[in-house]
Every structure is written in C-alpha cells, then in structure tokens.
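Accompanying notes for the structure given below.
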Amino acid sequence: MSSRLRKLILTMVLGVGFLSTGLIAAQDNTTHALTPGITTAGTLDTTSVTRVYTVTASSGQTVSVTVATKSDARLALVMSDAAGTSLGQAVATAANGNAVLENIAIPASGTYYLTVIDGTGVPKAQLAFEITFQIGTSASATALPTAGQLLTATGLQFKLAWDTVANLDLEVRDPIGGSLFWETPTVSSGGKFTANANGACNALSQTPSEEGSWPAGVVSTGSYEMIVYFQQQTDCPNSNPANLTLTVTLDSKQVSQVKATIQPDQIYLASVVINADGTVAAGANGVKIDPPSITGIDLKSGIALTQNTPVNGVLTSKQPYQIYSFAAQAGDVVSAQINATSGSLDTLLLLADPSGNIVASNDDREKGVTDSAIQNFSVIVAGTYTLIATRYGQALGGTEGGYTLTLAGAVTATATGTQTTTVQVPTFANVSRGSVEVSLQWSTAADIQLLVRDPQGDSVYDDKPTIPSGGTLAANGNNNCQASNGTSPVSYIYWPEGRLPTAGSYEIEVLYQSNCNDTTPVQFVLTVVANGNVVLQKNELLPADQRYVISYNIGLDGQITAGDGGIFGTKQKPDAASLLTSVVAEMPLAPTLTTAQPATGSIRLNNKFDVYVFDGKAGQVATVSMERLNGTLDSVLFLIGPGGDQVTQNDDAAADTNNSLINNFVLPVDGKYTVIATHFGGQYGVTAGDYRLTLRLN
C-alpha cells in the first residue's frame, strides 16, 4: 500500500471519528482480487480495521462498488490507483447502510484498489460485510474512440449555405485538433477551405455558401465539429435572422444535413462522427448556450479531488461532462486547471457553489490556448463545491479527447461528503469596519465598478469616493486596469460604525467598465453586511459591458431587507427586459400620447414604470423627453416598436443630467408604438419622483 493511500485512509478515518494510534499497523497489506458481478464476503476486526481489494479495469470504463453490512457499523470506502491517488470516497449515511461509489471513470487501463474501513470509531472483534463491483457498460463508458483513417474515393465535404447577405462564417474542427476556417484555410489533416462568402460585407451574394473539404484518399476518423458564427457588422446591409443549411457529404453521398435559423451574434453548433467502417453518426446540434448552463447535470456524482493531485479523464460526445467535488471554507482561494492531452478536445471548466450555481467559468486560459483555468476564486460560502469538466459547446460540442485536471488552493475534506452551508461575513485587510459594508469580489483582471446610491440620490463610486451621508469607497479593485497585486480584486464601500445610515432605499450598481485585456467571464460575489450580519449576498455572472442592479432598504425600525437584482443592459443600451411582461399586461389600458401635449406621472417603489402609446408612420421623426420634477428620480425611456422589439432607448440626455431624451428617432414602420417611462434599473431600481413626459412627431 502506498504512503499516499495510507495518508488518505488515515485522513478519512480520522474524519469519521476513529482515533486509534495503532491504525497504520492495523491496516491490511494483503490484497484480494474481485470479479465483476460476484459478491465477496469480508471481515474487519481489532487487528485489521481495513481490508484492501483490487479490481482490473480499462481506460474509458466505469466502476461501481457497493459495500454492505448487517452489523451496527458505518462502513467507509476509498477507491484509488496504484500511486495512491483517490478516484472516489464514500461513507454509509447510517449504521447498517451501504457505502456506494457509482460510475467512477477509469482514466487508464490497470489495477485499482478498493479499501474498506470501519468508520464507527470503535473497532469491533468481528465486523462482517459484503462487497460487489460492476464494470460500466458501453453506454456509460468514456473511452475515446480509437483514431484511425478511412480510405475514400471522392473525399469528405462540409458545406454551409444561407439565404441572406449577412456575414456568416463556417469553422470545421477535425478529430486530430485541426481547425479549418477562413483565417486558417488549410490544416495538417488535408482539409482546405473555400472563399469567405460575404466576408467583411464585401462582394455580397444572395445565395452565399462556404465549404471545408478533404480530398479523395484517406481522411481521419472520429468526431468533426461544425461551428457557424453570425458575424454581425455595422456596415452589413442585413442583420435579420438567417436560415442556414449544414450538409456533410462523404464519398459523394449526403450523410448528414441540418437546417436551422440563426440570429445575429449567435453561434450554431453541429457535429458528426466518421467511423472506421465508413458509417456516419450525427451528433446534437443547436445554438450555443451562453453563458454556460449546468441544468440537468447531476452534481452529486462528483469524484473527490485532492489538492495538487492531478486526475485524468476523457470527454466524448457520449459523455461530454465529468464531475468532481471538493470542500472549501470561507476565505479559501481556489484555482483549477484542465489541460487537453489527446484528440481535438477544446476544454471548458465550470465551478459550481454548494447551492449548484455556476460561480466561475473559463473556456480559454489565454488567447490562442484552448485549455481552461479558473484562477484565484475567493470562497465566500463554505461547503462542497463542484468542478464540471466539459468542452466548448458542452453537449452540443464535437471535440473529444483526454485531459488532466488539477485543483490547487486551500481545500478541506469531509469524510461523510456532507457540509453545512453557511454565509460568512467577509473580512478585508487595511479597511475600516462599518455599520453597513458593501463589498464586491471577483477573480479576473477586469475593471468592475461598484457604485452605491443613497436615499438622497448621492452616489459613492470611484469618481466620487465620499458622499455627505457618510458613504466611503475604501478599496477599489483593478481601478483603471491596475491589477490587485496577485490577489483577487476587491471593492469596498462602507458607512462608519456607531449608527445605521439614513433610512430608505439604497441602490447598488455593478458595472463592467473594461476587460483590461482579460476576457475571462467575470463571476462576482456581492455582499452587504449590516452590524455584522449578512443581509444580501449574490454570486452572479457579469457579461462584458453589462451592468447589474440590486438594492437594499433600511427601515425606520432599523431592519434591512434586500431587493431583487438583475442585468440592466449596458451603459450604452439599457435593457427593458425586466419590465416587458408587466408592460404587456398594461398596454391595453395605456393612455395615448398626443404630440406637444405633456403627460405627468410618478415613479415609486410600488410603481416602477408607466406605459404610454402613440400611432406612428414609417419615416416620421419622434422625440420623447422625460423630465424629473422632484425627488431622486433617475429616469430612463424605452421605445417599443409595433412588433414588440425595443427599437431605441435613453438613460441620460446629457452627462450632467438624470433626465432622459429620445431625440429625432426615425420610426421604421407604421403601427402602434409603446413608450416605457421608468427609472434606472427598471424592475431593480429604487429612485423615485414625479416627471413630465412630452412627445413630438414630425
């Protein structure tokens, strides 16, 4: 038995309460081979508190193990490789229960070790148990298909055709890692790319097509991934949805065809597997999910990770995910890295918190490198975290291959696999504590602005570090792209200790100001602490240029409650999405605006928007103004077209005002237009006041 495995078993047994100083001497150094599907009886006693078994399995298979006892005992089970690296741990949840490991992925062919442990804490004179293991079937196996070659008479072709003058682009990724694209028109496997149709909106065609092809002769077998990009450009004459057709032809025979509709800026994925016998299997296809999702993935099946101990795995279209878990405490800083080791694999790494929310993700570690890394994630909520090893496009993707995954950082393990989730109050060096503390943490080089607006309408942020109510900006992570000295960046705003600040509603804005040459998606943790208690904590993904808005309210009795939060578009383009469902319900009763006849209204916490309508004709020029009459109102205007689309909007009419102005907008079509008069943040905002609304049509 390796010293690493001895240490792992000792750690695990200590974790369930067995503190015998004679443990190492009492370990079983004799191994017993198991046969799949055959139940084997075993015993533990005071001189042998562990029993070791061996199983033989091949790369790509899975192993499931059950250990059961009728004794008043709680058995534990560890599975490891010959080097002592843990592949999984399990403990019976109660006496007389079963310790079960399910579908443990086998990274390499060889012998593996199963160690049975008495986890009750008191060695027994005789503890009988039964152990059974099963080899996974081909349906659950994760073996990478053997790379090979297929002799063809006329070759292999991938063709993209579409029906507009929009700029679509085709990329084909082959089984050995080649990427055929207009920028890389040849790959080592023999593929060649045709001309870039409608590229840069030049030489436009009404019936464009692009093609990647491999000539007659041998072609690589395995999975081919097709990616279609809708490259919307400002000077393209068409930005409407496009109907596309993806056709795969092998030896002059159509073997796969996908027809779909793609929207501007979307990415469409499809794949096929070319088998050695010349048969072809089509994979999943669809619009790439962005941001990534883990809906429907069983996060409880994770293989336990050990810090700084690499694990190996394989991702294929049959198994595009592998799940790993580890325990972490508040204050830990966690990093993980996944590197492809074979095939065409383009990795994607996701990190989920104890509640199952994605709190960090990475596709490409850096430009030109398709391996993935999550670096310096600051743990706020203690508990069991999950790393999801997957690939670009997740289930829709087509790259396949082996990988190595390594976890680094401060990691704590629990023998039972259970952890109580608690919300921790974050602490930061070199800042003052406050009666109210608002902190923002993230783990990239991006400049993310934290702003808090008080009930008087004053905002504290990087350009205004103090306000009359006492709000003070004490830390400003990555401001102007100045990196935070190797630690996760933090921004921190507080009101001095002694008494709560003025009662009323406080609005928080988290703004993605600049990526600072780091395009890693930003997962932030926003926490509001009042008198030492957490009253609001959010783990959210912030896309580039977006802004997140949320609020909290201090009552006259000193009670603090959190409001709803969400994305409110970009700095240049606020988004009415948070309001649209409610707006649609009010449209039938909305008053009609008459040109040059002002309307007045009020925005309050219980009335976050008003709806107006007017009839317009294509070519008319509309100007809509919203002027604050009193209060803290920070107005925003949206104009919704007859088809229900947001056609234009305005937050601030000028840099020195919170009034809004949609100025000289040319109406695109005839029909009924809807004006939404609201405040900054839409559904999530809290500023309030009366306003005057004016429409002019020319």
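Residues are referred to by chain and number: the chain letter is A, B, ... according to the order shown in the structure tokens, the number counts from 1 in that chain, and ligands are numbered separately from 1 in the order shown.
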
Using only C-alpha atoms, which residues of range 594-687 of chain A come within 12 Å of range 579-582 of chain A, and what is the closest atom pair for each, with the distance in Å to one decimal? Give it as CSV, sorted by chain and residue number.
```
residue,atom,partner,partner_atom,distance
A:Asn607,CA,A:Ser582,CA,11.1
A:Lys608,CA,A:Leu579,CA,8.9
A:Phe609,CA,A:Leu579,CA,8.1
A:Asp610,CA,A:Ser582,CA,10.3
A:Val611,CA,A:Ser582,CA,9.9
A:Phe638,CA,A:Leu579,CA,10.4
A:Leu639,CA,A:Leu580,CA,11.6
A:Ile640,CA,A:Leu580,CA,9.7
A:Gly644,CA,A:Leu580,CA,9.1
A:Asp645,CA,A:Leu580,CA,10.0
A:Gln646,CA,A:Leu580,CA,9.8
A:Thr674,CA,A:Leu580,CA,11.0
A:Val675,CA,A:Leu580,CA,11.5
A:Ile676,CA,A:Leu579,CA,9.0
A:Ala677,CA,A:Leu579,CA,10.8
A:Thr678,CA,A:Leu579,CA,9.3
A:His679,CA,A:Leu579,CA,11.1
A:Phe680,CA,A:Leu579,CA,11.9
A:Gly681,CA,A:Leu579,CA,9.9
A:Gly682,CA,A:Leu579,CA,6.5
A:Gln683,CA,A:Leu579,CA,5.9
A:Tyr684,CA,A:Leu579,CA,9.5
A:Gly685,CA,A:Leu579,CA,11.2
```

Please list as a compact mmCIF listing (two decimals) with C-alpha atoms, in the first residue's frame every residue within 6 Å of range 487-498 of chain A, counting only C-alpha atoms and excluding residues in the same chain fewer than 4 positions away.
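Written out: result_12.txt:
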```txt
# COMPACT_ATOMS: atom_id res chain seq x y z
CA GLY A 434 -18.74 49.92 9.17
CA SER A 435 -22.34 49.86 10.30
CA VAL A 436 -23.11 48.96 6.67
CA GLU A 437 -20.48 47.37 4.42
CA VAL A 438 -20.88 46.69 0.70
CA SER A 439 -18.15 44.52 -0.82
CA LEU A 440 -17.55 43.21 -4.35
CA GLN A 441 -15.10 40.39 -5.12
CA TRP A 442 -14.09 38.77 -8.41
CA SER A 443 -11.05 36.93 -9.77
CA GLY A 470 -21.02 59.03 5.16
CA GLY A 471 -20.60 56.51 2.37
CA THR A 472 -16.88 55.99 1.66
CA LEU A 473 -15.07 53.99 -1.01
CA ALA A 474 -12.20 52.30 0.88
CA ALA A 475 -11.00 49.77 -1.72
CA ASN A 476 -11.26 49.90 -5.50
CA GLY A 477 -10.09 46.68 -7.13
```

For Ile374 in chain A, which residue out of A:Ser361, A:Thr306, A:Thr623, A:Asn553 is the nearest one, using only C-alpha atoms?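 For Ile374 in chain A, the nearest of the given residues is A:Ser361.
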
Quick one: everything within 12 Å of Ser378 in chain A, counting only C-alpha atoms, minus sequence neighbours fewer than 2 positions away in the same chain. Send it as a VMD selection string. chain A and resid 328 to 335 351 353 359 to 360 374 to 376 380 to 382 409 to 410 426 to 428 440 to 444 487 to 490 523 to 526 539

Residues of the last selection are to be written out with N, CA and C atoms, as a short mmCIF file (atom, residue, chain, number, x, y, z; two decimals), in the first residue's frame.
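Contents of out-v8.cif, freshly written:
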```
data_model
loop_
_atom_site.label_atom_id
_atom_site.label_comp_id
_atom_site.auth_asym_id
_atom_site.auth_seq_id
_atom_site.Cartn_x
_atom_site.Cartn_y
_atom_site.Cartn_z
N ALA A 328 -14.57 23.38 0.67
CA ALA A 328 -13.81 24.61 0.88
C ALA A 328 -14.44 25.42 2.00
N GLN A 329 -13.62 26.19 2.67
CA GLN A 329 -14.06 27.05 3.75
C GLN A 329 -14.05 28.51 3.31
N ALA A 330 -14.86 29.33 3.95
CA ALA A 330 -14.85 30.76 3.66
C ALA A 330 -13.44 31.32 3.86
N GLY A 331 -13.00 32.09 2.89
CA GLY A 331 -11.66 32.65 2.94
C GLY A 331 -10.65 31.89 2.10
N ASP A 332 -10.99 30.64 1.70
CA ASP A 332 -10.09 29.89 0.82
C ASP A 332 -9.99 30.59 -0.54
N VAL A 333 -8.85 30.44 -1.18
CA VAL A 333 -8.66 30.89 -2.55
C VAL A 333 -8.40 29.64 -3.39
N VAL A 334 -9.25 29.41 -4.37
CA VAL A 334 -9.25 28.16 -5.12
C VAL A 334 -8.87 28.40 -6.57
N SER A 335 -8.02 27.55 -7.10
CA SER A 335 -7.67 27.57 -8.52
C SER A 335 -7.78 26.16 -9.08
N LEU A 351 -17.25 26.01 -12.37
CA LEU A 351 -17.22 25.83 -10.92
C LEU A 351 -18.58 26.18 -10.36
N ASP A 353 -21.14 26.40 -6.87
CA ASP A 353 -21.11 26.56 -5.42
C ASP A 353 -21.98 25.50 -4.74
N VAL A 359 -20.40 29.73 -10.32
CA VAL A 359 -19.79 30.94 -9.74
C VAL A 359 -18.50 31.32 -10.45
N ALA A 360 -17.98 30.46 -11.30
CA ALA A 360 -16.80 30.80 -12.09
C ALA A 360 -16.75 29.85 -13.28
N ILE A 374 -9.44 28.28 -13.95
CA ILE A 374 -10.12 29.20 -13.04
C ILE A 374 -9.09 29.56 -11.98
N GLN A 375 -8.77 30.83 -11.88
CA GLN A 375 -7.66 31.23 -11.03
C GLN A 375 -8.14 32.14 -9.91
N ASN A 376 -7.69 31.80 -8.69
CA ASN A 376 -7.87 32.66 -7.52
C ASN A 376 -9.33 33.02 -7.27
N ILE A 380 -16.60 32.47 -0.57
CA ILE A 380 -17.37 33.22 0.41
C ILE A 380 -18.27 32.28 1.21
N VAL A 381 -18.90 31.34 0.54
CA VAL A 381 -19.82 30.40 1.17
C VAL A 381 -19.11 29.07 1.38
N ALA A 382 -19.00 28.61 2.62
CA ALA A 382 -18.36 27.33 2.91
C ALA A 382 -19.25 26.18 2.45
N GLY A 409 -4.98 25.35 -4.22
CA GLY A 409 -5.57 26.25 -3.25
C GLY A 409 -5.89 25.53 -1.96
N ALA A 410 -6.43 26.26 -1.00
CA ALA A 410 -6.74 25.69 0.31
C ALA A 410 -8.01 24.87 0.21
N PRO A 426 -17.47 38.53 5.04
CA PRO A 426 -16.11 38.69 4.52
C PRO A 426 -15.33 39.73 5.31
N THR A 427 -14.04 39.51 5.42
CA THR A 427 -13.15 40.48 6.07
C THR A 427 -12.05 40.84 5.09
N PHE A 428 -11.59 42.10 5.18
CA PHE A 428 -10.58 42.58 4.25
C PHE A 428 -9.53 43.37 5.03
N LEU A 440 -17.47 43.88 -3.05
CA LEU A 440 -17.55 43.21 -4.35
C LEU A 440 -16.23 42.49 -4.58
N GLN A 441 -16.30 41.19 -4.86
CA GLN A 441 -15.10 40.39 -5.12
C GLN A 441 -15.24 39.68 -6.46
N TRP A 442 -14.13 39.56 -7.18
CA TRP A 442 -14.09 38.77 -8.41
C TRP A 442 -12.65 38.29 -8.59
N SER A 443 -12.36 37.58 -9.68
CA SER A 443 -11.05 36.93 -9.77
C SER A 443 -10.39 37.10 -11.13
N THR A 444 -10.71 38.17 -11.86
CA THR A 444 -10.07 38.43 -13.14
C THR A 444 -9.40 39.81 -13.11
N THR A 487 -3.70 39.13 -5.78
CA THR A 487 -4.84 38.66 -5.02
C THR A 487 -6.12 38.97 -5.79
N SER A 488 -7.20 38.33 -5.38
CA SER A 488 -8.48 38.60 -6.03
C SER A 488 -8.87 40.04 -5.75
N PRO A 489 -9.30 40.78 -6.78
CA PRO A 489 -9.65 42.19 -6.57
C PRO A 489 -10.88 42.35 -5.69
N VAL A 490 -10.89 43.44 -4.93
CA VAL A 490 -11.99 43.75 -4.01
C VAL A 490 -12.31 45.23 -4.11
N GLN A 523 -17.25 36.39 -12.78
CA GLN A 523 -18.20 35.92 -11.76
C GLN A 523 -17.89 36.71 -10.50
N PHE A 524 -18.86 37.47 -10.01
CA PHE A 524 -18.59 38.30 -8.84
C PHE A 524 -19.42 37.85 -7.65
N VAL A 525 -18.92 38.21 -6.47
CA VAL A 525 -19.64 37.99 -5.23
C VAL A 525 -19.90 39.37 -4.62
N LEU A 526 -21.18 39.71 -4.48
CA LEU A 526 -21.59 40.99 -3.90
C LEU A 526 -22.21 40.71 -2.54
N ASN A 539 -24.00 35.72 -5.95
CA ASN A 539 -22.97 35.22 -6.87
C ASN A 539 -23.55 35.35 -8.27
#
```

Among range 529-660 of chain A, which residues does DSSP mark as strand (DSSP E or B) when it is run on the backbone? Keep the chain and numbering as in the structure and answer as JSON, numbers by chain. {"A": [529, 530, 533, 534, 535, 536, 537, 538, 539, 540, 541, 542, 546, 547, 548, 549, 550, 551, 552, 553, 554, 560, 561, 562, 566, 567, 568, 569, 570, 592, 594, 597, 599, 600, 601, 602, 603, 604, 607, 609, 610, 611, 612, 613, 614, 615, 616, 621, 622, 623, 624, 625, 626, 627, 628, 635, 636, 637, 638, 639, 640, 646, 647, 648, 649, 650, 660]}

Atomic separation - CA of Glu507 in chain A relative to CA of Ser459 in chain A, Å: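 Between CA of Ser459 in chain A and CA of Glu507 in chain A the gap is 8.9 Å.
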
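When only C-alpha atoms are used to compute distances to Gly343 in chain A, the closest of the residues A:Gln319, A:Thr600, A:Ser220, A:Thr69 turns out to be A:Ser220.
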
Using DSSP assignments from the backbone, pull out every residue in range 535-673 of chain A that falls under alpha helix (DSSP H) and give it to me as a PyMOL selection string. chain A and resi 580-586

Output the selection as a tab-separated table (two decimals), in the first residue's frame - C-alpha atoms for each residue.
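Writing done, so here's selection09.tsv:
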```
chain	number	residue	atom	x	y	z
A	580	LEU	CA	-41.68	43.67	-20.55
A	581	THR	CA	-44.00	41.05	-19.05
A	582	SER	CA	-45.66	43.65	-16.84
A	583	VAL	CA	-45.65	46.21	-19.65
A	584	VAL	CA	-47.53	43.89	-22.00
A	585	ALA	CA	-50.22	43.39	-19.35
A	586	GLU	CA	-50.74	47.17	-19.08
```
